[in-house]
file run_20.txt (compact mmCIF, C-alpha atoms)
# COMPACT_ATOMS: atom_id res chain seq x y z
CA MET A 1 95.62 -35.28 59.33
CA THR A 2 92.02 -36.44 59.76
CA SER A 3 89.37 -33.81 58.68
CA TRP A 4 85.49 -33.67 58.58
CA CYS A 5 85.78 -33.00 54.88
CA SER A 6 88.38 -35.65 54.25
CA GLY A 7 85.69 -37.76 52.57
CA LEU A 8 84.68 -34.95 50.16
CA SER A 9 86.45 -33.77 47.09
CA TRP A 10 87.24 -30.12 46.66
CA ARG A 11 84.76 -29.95 43.76
CA GLN A 12 81.89 -31.25 45.96
CA LEU A 13 82.79 -28.80 48.68
CA GLY A 14 82.64 -25.84 46.31
CA ALA A 15 79.24 -26.85 44.92
CA GLY A 16 77.84 -27.08 48.42
CA MET A 17 79.06 -23.62 49.30
CA VAL A 18 77.38 -22.14 46.16
CA THR A 19 74.08 -23.86 46.89
CA GLY A 20 74.08 -22.53 50.44
CA ALA A 21 74.68 -19.02 49.25
CA VAL A 22 71.71 -19.18 46.78
CA VAL A 23 69.35 -20.57 49.40
CA GLY A 24 70.35 -17.85 51.83
CA ALA A 25 69.75 -15.12 49.25
CA LEU A 26 66.29 -16.45 48.44
CA ALA A 27 65.38 -16.51 52.12
CA VAL A 28 66.47 -12.88 52.56
CA SER A 29 64.48 -11.83 49.45
CA ALA A 30 61.35 -13.54 50.68
CA LEU A 31 61.66 -11.77 54.01
CA MET A 32 62.07 -8.37 52.32
CA ILE A 33 59.12 -8.91 49.96
CA ASP A 34 56.91 -9.88 52.86
CA ARG A 35 57.86 -6.72 54.72
CA LEU A 36 57.46 -4.38 51.68
CA THR A 37 54.11 -5.70 50.29
CA PRO A 38 51.15 -3.81 51.83
CA ALA A 39 48.32 -5.76 53.35
CA PRO A 40 45.20 -5.97 51.04
CA VAL A 41 42.46 -3.38 51.67
CA LEU A 42 38.84 -4.56 51.53
CA ALA A 43 36.67 -2.70 48.91
CA ALA A 44 34.09 -0.31 50.34
CA THR A 45 30.43 -1.29 50.05
CA PRO A 46 28.81 0.75 47.19
CA ALA A 47 26.56 3.54 48.40
CA PRO A 48 23.11 4.05 46.85
CA VAL A 49 23.02 6.83 44.23
CA VAL A 50 19.61 8.45 43.78
CA VAL A 51 19.25 10.90 40.87
CA PRO A 52 16.36 13.13 39.73
CA VAL A 53 14.26 12.18 36.70
CA VAL A 54 14.83 14.82 34.02
CA VAL A 55 11.73 16.42 32.45
CA SER A 56 12.15 17.43 28.81
CA SER A 57 10.38 17.86 25.46
CA TYR A 58 10.37 15.10 22.89
CA ARG A 59 9.34 14.64 19.27
CA ALA A 60 8.82 11.07 18.13
CA ILE A 61 10.76 10.34 14.91
CA THR A 62 10.57 7.41 12.49
CA ALA A 63 12.81 6.92 9.45
CA VAL A 64 11.00 6.21 6.17
CA ALA A 65 11.89 5.63 2.52
CA VAL A 66 10.44 8.19 0.10
CA SER A 67 10.18 8.37 -3.68
CA ILE A 68 8.36 10.47 -6.28
CA ASN A 69 5.50 9.09 -8.36
CA PHE A 70 5.52 10.73 -11.80
CA ASP A 71 2.62 11.24 -14.20
CA ALA A 72 2.87 9.54 -17.57
CA PRO A 73 3.89 12.06 -20.25
CA LEU A 74 0.96 13.79 -21.96
CA LEU A 75 1.01 13.89 -25.77
CA GLY A 76 0.28 16.98 -27.84
CA ILE A 77 -1.48 15.52 -30.90
CA VAL A 78 -2.26 17.34 -34.15
CA ARG A 79 -5.76 16.92 -35.61
CA ARG A 80 -5.02 18.07 -39.14
CA SER A 81 -2.62 16.95 -41.87
CA GLY A 82 -0.09 19.14 -43.62
CA ILE A 83 3.41 20.54 -43.34
CA VAL A 84 4.73 22.02 -40.09
CA THR A 85 5.59 25.54 -41.18
CA GLN A 86 6.42 26.86 -37.70
CA LEU A 87 7.15 25.63 -34.18
CA ARG A 88 6.81 28.21 -31.43
CA ILE A 89 7.75 25.97 -28.48
CA GLY A 90 10.84 24.04 -27.44
CA LEU A 91 12.20 21.75 -24.73
CA GLY A 92 11.48 23.01 -21.25
CA ASP A 93 8.89 25.58 -22.32
CA ASN A 94 5.78 25.99 -20.20
CA ILE A 95 2.79 25.99 -22.54
CA VAL A 96 0.21 28.69 -21.80
CA ASN A 97 -3.48 28.09 -22.41
CA GLY A 98 -4.62 29.79 -25.63
CA ASP A 99 -1.12 30.37 -27.04
CA ILE A 100 -0.13 29.47 -30.61
CA VAL A 101 2.22 26.48 -30.33
CA ALA A 102 2.78 25.75 -34.03
CA ARG A 103 1.49 26.32 -37.56
CA VAL A 104 0.54 23.63 -40.06
CA ASP A 105 0.22 24.86 -43.64
CA ALA A 106 0.55 28.34 -42.09
CA LYS A 107 -2.66 27.88 -40.04
CA PRO A 108 -2.29 28.31 -36.27
CA LEU A 109 -2.53 25.47 -33.73
CA ILE A 110 -3.76 26.75 -30.37
CA ALA A 111 -3.01 25.19 -26.98
CA MET A 112 -6.31 24.10 -25.43
CA MET A 113 -6.16 23.47 -21.68
CA THR A 114 -9.39 21.79 -20.45
CA LYS A 115 -10.39 18.92 -18.16
CA THR A 116 -11.08 16.60 -21.11
CA ALA A 117 -10.06 16.67 -24.75
CA PRO A 118 -12.47 17.85 -27.47
CA PHE A 119 -13.51 15.08 -29.85
CA ARG A 120 -15.49 16.67 -32.71
CA ASP A 121 -16.04 19.82 -34.77
CA LEU A 122 -18.82 22.05 -33.45
CA ARG A 123 -21.15 24.61 -35.00
CA GLN A 124 -24.25 26.64 -34.15
CA GLY A 125 -27.15 24.38 -33.21
CA ASP A 126 -24.99 21.68 -31.59
CA HIS A 127 -25.40 20.85 -27.92
CA GLY A 128 -23.79 18.59 -25.35
CA THR A 129 -21.12 18.46 -22.66
CA ASP A 130 -18.41 19.14 -25.23
CA VAL A 131 -20.19 22.41 -26.12
CA ARG A 132 -20.08 23.37 -22.44
CA LEU A 133 -16.37 22.48 -22.44
CA LEU A 134 -15.77 24.82 -25.39
CA GLN A 135 -17.84 27.57 -23.79
CA SER A 136 -15.91 27.31 -20.52
CA TRP A 137 -12.63 27.50 -22.44
CA LEU A 138 -13.74 30.58 -24.40
CA SER A 139 -14.86 32.15 -21.11
CA ASP A 140 -11.45 31.48 -19.52
CA LEU A 141 -9.77 33.21 -22.46
CA GLY A 142 -12.10 36.21 -22.18
CA PHE A 143 -14.14 35.73 -25.37
CA LEU A 144 -17.48 34.61 -23.89
CA ASP A 145 -19.41 36.55 -21.25
CA SER A 146 -22.47 34.34 -20.89
CA LYS A 147 -22.73 31.31 -18.61
CA PRO A 148 -21.89 27.95 -20.28
CA ASP A 149 -25.14 26.06 -21.01
CA GLN A 150 -24.22 23.25 -23.45
CA ASN A 151 -26.01 25.00 -26.34
CA TYR A 152 -23.97 26.28 -29.29
CA ASP A 153 -26.04 29.42 -29.84
CA SER A 154 -25.34 32.69 -31.63
CA GLY A 155 -23.50 34.05 -28.61
CA THR A 156 -21.13 31.07 -28.68
CA ALA A 157 -20.60 31.49 -32.44
CA ALA A 158 -19.78 35.17 -31.89
CA ALA A 159 -17.25 34.24 -29.19
CA VAL A 160 -15.61 31.71 -31.55
CA LYS A 161 -15.29 34.43 -34.20
CA LYS A 162 -13.58 36.75 -31.73
CA TRP A 163 -11.15 34.01 -30.80
CA GLN A 164 -10.42 33.12 -34.44
CA ARG A 165 -9.77 36.76 -35.27
CA SER A 166 -7.38 37.13 -32.31
CA VAL A 167 -5.12 34.28 -33.47
CA GLY A 168 -5.23 35.07 -37.16
CA ASP A 169 -7.33 32.08 -38.18
CA THR A 170 -10.10 32.07 -40.77
CA VAL A 171 -13.19 33.61 -39.17
CA THR A 172 -16.09 31.17 -39.54
CA GLY A 173 -17.86 31.02 -36.16
CA ARG A 174 -17.41 27.23 -36.25
CA PHE A 175 -15.07 25.31 -33.96
CA ASP A 176 -12.59 23.22 -35.96
CA LEU A 177 -11.01 20.39 -33.96
CA GLY A 178 -7.90 20.70 -36.14
CA SER A 179 -7.28 24.24 -34.93
CA VAL A 180 -6.33 23.24 -31.36
CA VAL A 181 -3.87 20.94 -29.58
CA TRP A 182 -5.17 19.63 -26.27
CA VAL A 183 -2.55 19.93 -23.49
CA GLY A 184 -4.43 18.64 -20.46
CA SER A 185 -5.90 20.59 -17.59
CA ALA A 186 -2.81 21.71 -15.68
CA MET A 187 0.71 22.99 -16.23
CA PHE A 188 2.32 21.47 -19.32
CA VAL A 189 6.12 21.61 -19.61
CA VAL A 190 7.54 20.39 -22.93
CA GLY A 191 9.73 17.33 -22.36
CA ALA A 192 10.27 16.14 -25.94
CA MET A 193 9.70 17.36 -29.51
CA SER A 194 8.57 14.86 -32.14
CA VAL A 195 8.67 17.04 -35.28
CA VAL A 196 10.76 19.77 -36.88
CA PRO A 197 9.73 22.64 -39.18
CA GLY A 198 9.22 21.46 -42.75
CA GLN A 199 8.13 17.99 -41.69
CA SER A 200 4.84 16.54 -42.95
CA VAL A 201 2.33 15.39 -40.34
CA VAL A 202 -0.96 13.56 -40.46
CA ALA A 203 -3.95 13.84 -38.15
CA GLY A 204 -3.34 11.86 -34.97
CA GLU A 205 0.43 12.32 -35.00
CA THR A 206 2.33 13.53 -31.91
CA LEU A 207 3.90 16.98 -32.16
CA PHE A 208 5.42 17.07 -28.67
CA SER A 209 5.06 15.48 -25.22
CA SER A 210 5.17 16.76 -21.69
CA ALA A 211 7.98 16.31 -19.20
CA ALA A 212 7.27 13.80 -16.43
CA MET A 213 5.60 15.74 -13.63
CA ALA A 214 5.73 14.81 -9.95
CA GLN A 215 2.26 13.59 -9.00
CA SER A 216 2.69 12.40 -5.43
CA VAL A 217 5.26 11.25 -2.89
CA LYS A 218 5.35 7.58 -1.93
CA VAL A 219 6.20 6.97 1.73
CA VAL A 220 7.28 3.47 2.84
CA GLU A 221 6.67 3.08 6.56
CA PRO A 222 8.53 0.42 8.61
CA PRO A 223 6.88 -2.95 9.35
CA GLY A 224 4.13 -2.42 11.88
CA GLY A 225 3.59 1.18 10.79
CA ILE A 226 4.41 4.40 12.63
CA GLN A 227 3.36 4.35 16.27
CA GLN A 228 3.17 8.10 16.82
CA SER A 229 0.08 9.98 17.91
CA GLY A 230 -1.05 13.46 16.97
CA ASP A 231 -0.20 15.52 13.89
CA GLN A 232 2.89 14.42 11.95
CA VAL A 233 5.17 15.96 9.32
CA LEU A 234 7.43 14.40 6.71
CA GLU A 235 10.92 15.89 6.57
CA VAL A 236 13.37 15.44 3.70
CA GLY A 237 16.40 17.71 3.89
CA ASN A 238 15.10 21.20 4.63
CA ALA A 239 11.61 20.42 3.31
CA SER A 240 8.81 19.74 5.78
CA VAL A 241 5.21 18.91 4.76
CA PRO A 242 2.16 17.49 6.56
CA TYR A 243 1.87 13.69 6.64
CA VAL A 244 -0.94 11.34 7.74
CA THR A 245 0.46 8.16 9.27
CA GLY A 246 -0.68 5.03 7.48
CA SER A 247 -1.50 6.87 4.24
CA GLY A 248 1.79 6.03 2.55
CA ALA A 249 1.64 9.17 0.41
CA VAL A 250 1.93 12.95 0.29
CA THR A 251 -0.24 14.85 -2.19
CA GLY A 252 -0.90 18.49 -3.00
CA THR A 253 1.12 20.33 -5.63
CA ASP A 254 3.14 22.52 -3.25
CA ASN A 255 3.93 19.63 -0.90
CA VAL A 256 4.98 17.30 -3.71
CA LEU A 257 7.17 19.95 -5.35
CA ALA A 258 8.89 20.71 -2.02
CA ILE A 259 9.79 17.04 -1.41
CA SER A 260 10.74 16.53 -5.06
CA ALA A 261 13.16 19.47 -4.90
CA ALA A 262 14.69 18.10 -1.68
CA LEU A 263 15.23 14.64 -3.21
CA GLY A 264 16.90 16.03 -6.33
CA ALA A 265 17.35 14.26 -9.66
CA SER A 266 17.21 10.74 -8.21
CA GLY A 267 13.64 11.23 -7.03
CA GLU A 268 14.13 8.95 -4.04
CA GLY A 269 15.85 8.89 -0.66
CA ILE A 270 15.37 8.68 3.10
CA GLY A 271 13.18 10.99 5.14
CA ARG A 272 11.72 11.00 8.61
CA VAL A 273 8.24 11.33 10.03
CA ARG A 274 8.20 13.30 13.27
CA SER A 275 5.60 14.68 15.64
CA ALA A 276 4.55 18.16 14.60
CA VAL A 277 4.14 19.25 18.23
CA PRO A 278 6.63 18.22 20.95
CA VAL A 279 5.31 16.39 24.01
CA THR A 280 6.57 16.59 27.59
CA THR A 281 8.48 13.48 28.63
CA LYS A 282 10.86 12.19 31.30
CA LEU A 283 14.38 10.81 30.85
CA LEU A 284 15.60 7.85 32.95
CA PRO A 285 19.38 7.22 33.08
CA ALA A 286 20.48 3.97 31.45
CA SER A 287 22.18 2.78 34.65
CA SER A 288 18.85 2.83 36.52
CA ILE A 289 17.10 0.43 34.13
CA VAL A 290 16.79 -3.23 35.10
CA THR A 291 15.55 -6.07 32.92
CA ASP A 292 14.94 -9.24 34.91
CA ARG A 293 15.02 -12.87 33.74
CA SER A 294 11.36 -12.76 32.70
CA GLY A 295 12.07 -9.87 30.32
CA ARG A 296 10.26 -7.21 32.37
CA THR A 297 11.86 -3.77 32.60
CA CYS A 298 11.71 -1.59 35.67
CA VAL A 299 13.42 0.96 37.93
CA PHE A 300 13.53 1.52 41.67
CA GLU A 301 13.08 4.66 43.70
CA SER A 302 15.38 3.46 46.50
CA VAL A 303 17.38 0.48 47.75
CA ASP A 304 14.36 -1.09 49.40
CA GLY A 305 11.56 0.43 47.32
CA PRO A 306 9.24 -1.59 45.04
CA ALA A 307 9.88 -2.05 41.33
CA VAL A 308 8.19 0.45 38.99
CA ALA A 309 7.49 -0.80 35.45
CA VAL A 310 8.97 1.16 32.54
CA THR A 311 7.25 1.64 29.18
CA THR A 312 9.79 3.12 26.78
CA LEU A 313 8.93 5.72 24.13
CA ALA A 314 12.48 5.94 22.80
CA GLY A 315 16.00 5.35 24.02
CA GLY A 316 19.72 5.61 23.44
CA LEU A 317 23.07 5.25 25.20
CA GLY A 318 22.22 7.97 27.72
CA GLY A 319 18.91 6.57 28.88
CA VAL A 320 15.29 5.95 27.95
CA ILE A 321 12.43 8.37 27.36
CA VAL A 322 9.13 7.66 29.11
CA ALA A 323 5.79 9.43 29.20
CA ASP A 324 5.26 12.47 31.41
CA SER A 325 2.84 10.36 33.46
CA PHE A 326 5.70 8.20 34.79
CA PRO A 327 5.14 8.32 38.59
CA LEU A 328 8.67 8.80 39.97
CA SER A 329 10.58 12.06 40.31
CA GLU A 330 13.85 10.32 41.22
CA VAL A 331 15.34 6.86 40.70
CA LEU A 332 18.10 4.66 42.07
CA ALA A 333 20.94 5.03 39.57
CA ASN A 334 22.94 1.93 40.62
CA PRO A 335 20.46 -0.82 41.56
CA VAL A 336 22.77 -3.59 40.30
CA GLU A 337 25.38 -2.61 42.88
CA THR A 338 23.14 -1.86 45.83
CA ARG A 339 20.08 -4.12 45.66
CA SER A 340 20.15 -7.79 46.44
CA GLY A 341 16.96 -8.61 44.53
CA LEU A 342 16.62 -7.36 40.96
CA SER A 343 13.24 -8.80 40.08
CA CYS A 344 10.76 -6.45 38.42
CA GLY A 345 7.92 -8.08 40.32

call {"tool": "encode", "arguments": {"input": "run_20.txt", "output": "structure tokens"}}
result
Amino acid sequence: MTSWCSGLSWRQLGAGMVTGAVVGALAVSALMIDRLTPAPVLAATPAPVVVPVVVSSYRAITAVAVSINFDAPLLGIVRRSGIVTQLRIGLGDNIVNGDIVARVDAKPLIAMMTKTAPFRDLRQGDHGTDVRLLQSWLSDLGFLDSKPDQNYDSGTAAAVKKWQRSVGDTVTGRFDLGSVVWVGSAMFVVGAMSVVPGQSVVAGETLFSSAAMAQSVKVVEPPGGIQQSGDQVLEVGNASVPYVTGSGAVTGTDNVLAISAALGASGEGIGRVRSAVPVTTKLLPASSIVTDRSGRTCVFESVDGPAVAVTTLAGGLGGVIVADSFPLSEVLANPVETRSGLSCG
């Protein structure tokens, strides 16, 4: 019997049937996908978003490096030779003007706190600035009632005798340089002891020295200085003291001690200089700011309004702070999406 497939083998016939089935399935799938896939929807044109400019208070702040400048230790020097028979001070003690600090050969050494150190023995008939220094010291201790006049007169000699009697020294009316130890003109805290009882000393030898005292605070401003107007304060931790921009230092005993305490043992750290009085400013949202190809920065009040230049006082992720004189009360929050031209003029 003659057949249309007589020229084909059974194997070829089977392969053709499989291929037809696959092609048919793909055609049906394509038709279903076309019917089930939704038609694309065109995105809506962005609408202009105009937001109010926020008015707020602002304190300008600049980070600075701070460190303490310490005075060189002051030396308590003995002016007589002998054996130290008593020490009445120790580490950390605050020496008081006029107190007995030690005894050499059982004779008292008195703490003398004056602007300059005495340099010679004095007696009645002497005169000079060192006599005035002695008179002022005796007056501070309550032994001299008259006004210092640079003349070692009988009244001065009488005052010296009263002082000698009060400390148990030999009463002569003459001032013996070896009877005092000069300890400067301000607070003296003992930082080191150089001798022990029973030790021999010679004139000019150090008995003790002062602890390093904070003298001032060094402030390292950033390159270009601090561009903040008005009164400023330096803050370190909880301490806050007045600061003059450009000075690079804080002085004044109370101010220095406050910063020193805040810095702790290291004596250095990071602080900040901020405006003492807040100023009224305006806040522009970050999305409203445009910087064009020329590097100019501006905002717009509306889609078709002119560019308004922006001078920034400070800024962050949320926006930029501008002066209260900034002319706009509202700005276009999405100029990139809604304006065709983004030139700042």

call {"tool": "closest_residue", "arguments": {"input": "run_20.txt", "among": "A:Val104, A:Ala323, A:Ala212, A:Leu141", "to": "Ala192 in chain A", "atoms": "all atoms listed in the file"}}
result
A:Ala212

call {"tool": "closest_residue", "arguments": {"input": "run_20.txt", "among": "A:Ile61, A:Val101, A:Val299, A:Val308", "to": "Ala276 in chain A", "atoms": "only C-alpha atoms"}}
result
A:Ile61

call {"tool": "residues_around", "arguments": {"input": "run_20.txt", "residues": "Asp130 in chain A", "least_positions_apart": "3", "cutoff": "9 Å", "atoms": "all atoms listed in the file", "output": "mmCIF file with C-alpha atoms, keeping the file's coordinate frame"}}
result
data_model
loop_
_atom_site.group_PDB
_atom_site.id
_atom_site.type_symbol
_atom_site.label_atom_id
_atom_site.label_comp_id
_atom_site.auth_asym_id
_atom_site.auth_seq_id
_atom_site.Cartn_x
_atom_site.Cartn_y
_atom_site.Cartn_z
ATOM 1 C CA THR A 116 -11.080 16.600 -21.110
ATOM 2 C CA ALA A 117 -10.060 16.670 -24.750
ATOM 3 C CA PRO A 118 -12.470 17.850 -27.470
ATOM 4 C CA PHE A 119 -13.510 15.080 -29.850
ATOM 5 C CA ARG A 120 -15.490 16.670 -32.710
ATOM 6 C CA LEU A 122 -18.820 22.050 -33.450
ATOM 7 C CA HIS A 127 -25.400 20.850 -27.920
ATOM 8 C CA LEU A 133 -16.370 22.480 -22.440
ATOM 9 C CA LEU A 134 -15.770 24.820 -25.390
ATOM 10 C CA GLN A 135 -17.840 27.570 -23.790
ATOM 11 C CA GLN A 150 -24.220 23.250 -23.450
#

call {"tool": "closest_residue", "arguments": {"input": "run_20.txt", "among": "A:Val190, A:Tyr152, A:Gly269, A:Asn97", "to": "Phe208 in chain A", "atoms": "all atoms listed in the file"}}
result
A:Val190

call {"tool": "atom_distance", "arguments": {"input": "run_20.txt", "atom1": "CA of Ile321 in chain A", "atom2": "CA of Val220 in chain A"}}
result
25.5 Å

call {"tool": "atom_distance", "arguments": {"input": "run_20.txt", "atom1": "CA of Ser260 in chain A", "atom2": "CA of Pro223 in chain A"}}
result
24.5 Å

call {"tool": "residues_around", "arguments": {"input": "run_20.txt", "residues": "Leu284 in chain A", "least_positions_apart": "5", "cutoff": "12 Å", "atoms": "all atoms listed in the file", "output": "compact mmCIF listing (two decimals) with C-alpha atoms, keeping the file's coordinate frame"}}
result
# COMPACT_ATOMS: atom_id res chain seq x y z
CA VAL A 50 19.61 8.45 43.78
CA VAL A 51 19.25 10.90 40.87
CA PRO A 52 16.36 13.13 39.73
CA VAL A 53 14.26 12.18 36.70
CA VAL A 54 14.83 14.82 34.02
CA VAL A 55 11.73 16.42 32.45
CA SER A 56 12.15 17.43 28.81
CA ILE A 289 17.10 0.43 34.13
CA VAL A 290 16.79 -3.23 35.10
CA CYS A 298 11.71 -1.59 35.67
CA VAL A 299 13.42 0.96 37.93
CA PHE A 300 13.53 1.52 41.67
CA GLU A 301 13.08 4.66 43.70
CA VAL A 310 8.97 1.16 32.54
CA THR A 311 7.25 1.64 29.18
CA THR A 312 9.79 3.12 26.78
CA LEU A 313 8.93 5.72 24.13
CA ALA A 314 12.48 5.94 22.80
CA GLY A 315 16.00 5.35 24.02
CA GLY A 316 19.72 5.61 23.44
CA LEU A 317 23.07 5.25 25.20
CA GLY A 318 22.22 7.97 27.72
CA GLY A 319 18.91 6.57 28.88
CA VAL A 320 15.29 5.95 27.95
CA ILE A 321 12.43 8.37 27.36
CA VAL A 322 9.13 7.66 29.11
CA ALA A 323 5.79 9.43 29.20
CA ASP A 324 5.26 12.47 31.41
CA PHE A 326 5.70 8.20 34.79
CA PRO A 327 5.14 8.32 38.59
CA LEU A 328 8.67 8.80 39.97
CA SER A 329 10.58 12.06 40.31
CA GLU A 330 13.85 10.32 41.22
CA VAL A 331 15.34 6.86 40.70
CA LEU A 332 18.10 4.66 42.07
CA ALA A 333 20.94 5.03 39.57

call {"tool": "atom_distance", "arguments": {"input": "run_20.txt", "atom1": "CA of Glu268 in chain A", "atom2": "CA of Gly230 in chain A"}}
result
26.3 Å

call {"tool": "residues_around", "arguments": {"input": "run_20.txt", "residues": "Arg339 in chain A", "least_positions_apart": "6", "cutoff": "9 Å", "atoms": "all atoms listed in the file", "output": "list of chain:residue names"}}
result
A:Pro48, A:Ser302, A:Val303, A:Asp304

call {"tool": "closest_residue", "arguments": {"input": "run_20.txt", "among": "A:Leu138, A:Ala60, A:Val202, A:Ala258", "to": "Arg80 in chain A", "atoms": "all atoms listed in the file"}}
result
A:Val202

call {"tool": "residues_near_point", "arguments": {"input": "run_20.txt", "point": "(12.4, 14.6, 4.0)", "cutoff": "7 Å", "atoms": "only C-alpha atoms", "output": "count of residues only"}}
result
10

call {"tool": "closest_residue", "arguments": {"input": "run_20.txt", "among": "A:Asp145, A:Glu337, A:Asp99, A:Asp126", "to": "Gly168 in chain A", "atoms": "all atoms listed in the file"}}
result
A:Asp99

call {"tool": "residues_around", "arguments": {"input": "run_20.txt", "residues": "range 62-70 of chain A", "least_positions_apart": "3", "cutoff": "12 Å", "atoms": "only C-alpha atoms", "output": "ChimeraX atom specification"}}
result
/A:59,73-74,210-228,232-237,243,245-246,248-251,255-275,313-314

call {"tool": "closest_residue", "arguments": {"input": "run_20.txt", "among": "A:Gln124, A:Ser200, A:Thr129, A:Thr85", "to": "Leu109 in chain A", "atoms": "all atoms listed in the file"}}
result
A:Thr85

call {"tool": "residues_around", "arguments": {"input": "run_20.txt", "residues": "range 180-184 of chain A", "least_positions_apart": "4", "cutoff": "8 Å", "atoms": "only C-alpha atoms", "output": "PyMOL selection string"}}
result
chain A and resi 74-79+109-118+176+188

call {"tool": "build_atoms", "arguments": {"input": "run_20.txt", "residues": "range 202-215 of chain A", "atoms": "N, CA and C atoms", "output": "PDB file, keeping the file's coordinate frame"}}
result
ATOM      1  N   VAL A 202       0.401  13.990 -40.169  1.00  0.00           N
ATOM      2  CA  VAL A 202      -0.960  13.560 -40.460  1.00  0.00           C
ATOM      3  C   VAL A 202      -1.772  13.640 -39.177  1.00  0.00           C
ATOM      4  N   ALA A 203      -3.071  13.755 -39.313  1.00  0.00           N
ATOM      5  CA  ALA A 203      -3.950  13.840 -38.150  1.00  0.00           C
ATOM      6  C   ALA A 203      -3.731  12.646 -37.236  1.00  0.00           C
ATOM      7  N   GLY A 204      -3.588  12.908 -35.956  1.00  0.00           N
ATOM      8  CA  GLY A 204      -3.340  11.860 -34.970  1.00  0.00           C
ATOM      9  C   GLY A 204      -1.879  11.683 -34.615  1.00  0.00           C
ATOM     10  N   GLU A 205      -1.000  12.443 -35.263  1.00  0.00           N
ATOM     11  CA  GLU A 205       0.430  12.320 -35.000  1.00  0.00           C
ATOM     12  C   GLU A 205       0.834  13.221 -33.828  1.00  0.00           C
ATOM     13  N   THR A 206       1.852  12.768 -33.063  1.00  0.00           N
ATOM     14  CA  THR A 206       2.330  13.530 -31.910  1.00  0.00           C
ATOM     15  C   THR A 206       3.279  14.633 -32.345  1.00  0.00           C
ATOM     16  N   LEU A 207       2.995  15.856 -31.894  1.00  0.00           N
ATOM     17  CA  LEU A 207       3.900  16.980 -32.160  1.00  0.00           C
ATOM     18  C   LEU A 207       4.952  17.109 -31.066  1.00  0.00           C
ATOM     19  N   PHE A 208       4.527  16.914 -29.822  1.00  0.00           N
ATOM     20  CA  PHE A 208       5.420  17.070 -28.670  1.00  0.00           C
ATOM     21  C   PHE A 208       4.807  16.310 -27.494  1.00  0.00           C
ATOM     22  N   SER A 209       5.563  16.134 -26.438  1.00  0.00           N
ATOM     23  CA  SER A 209       5.060  15.480 -25.220  1.00  0.00           C
ATOM     24  C   SER A 209       5.543  16.237 -24.000  1.00  0.00           C
ATOM     25  N   SER A 210       4.829  16.049 -22.918  1.00  0.00           N
ATOM     26  CA  SER A 210       5.170  16.760 -21.690  1.00  0.00           C
ATOM     27  C   SER A 210       6.307  16.092 -20.949  1.00  0.00           C
ATOM     28  N   ALA A 211       6.981  16.873 -20.116  1.00  0.00           N
ATOM     29  CA  ALA A 211       7.980  16.310 -19.200  1.00  0.00           C
ATOM     30  C   ALA A 211       7.241  15.559 -18.089  1.00  0.00           C
ATOM     31  N   ALA A 212       7.881  14.537 -17.547  1.00  0.00           N
ATOM     32  CA  ALA A 212       7.270  13.800 -16.430  1.00  0.00           C
ATOM     33  C   ALA A 212       7.111  14.747 -15.245  1.00  0.00           C
ATOM     34  N   MET A 213       5.899  14.830 -14.729  1.00  0.00           N
ATOM     35  CA  MET A 213       5.600  15.740 -13.630  1.00  0.00           C
ATOM     36  C   MET A 213       5.387  14.947 -12.342  1.00  0.00           C
ATOM     37  N   ALA A 214       5.912  15.471 -11.253  1.00  0.00           N
ATOM     38  CA  ALA A 214       5.730  14.810  -9.950  1.00  0.00           C
ATOM     39  C   ALA A 214       4.259  14.864  -9.568  1.00  0.00           C
ATOM     40  N   GLN A 215       3.679  13.686  -9.326  1.00  0.00           N
ATOM     41  CA  GLN A 215       2.260  13.590  -9.000  1.00  0.00           C
ATOM     42  C   GLN A 215       2.028  13.458  -7.507  1.00  0.00           C
TER      43      GLN A 215
END
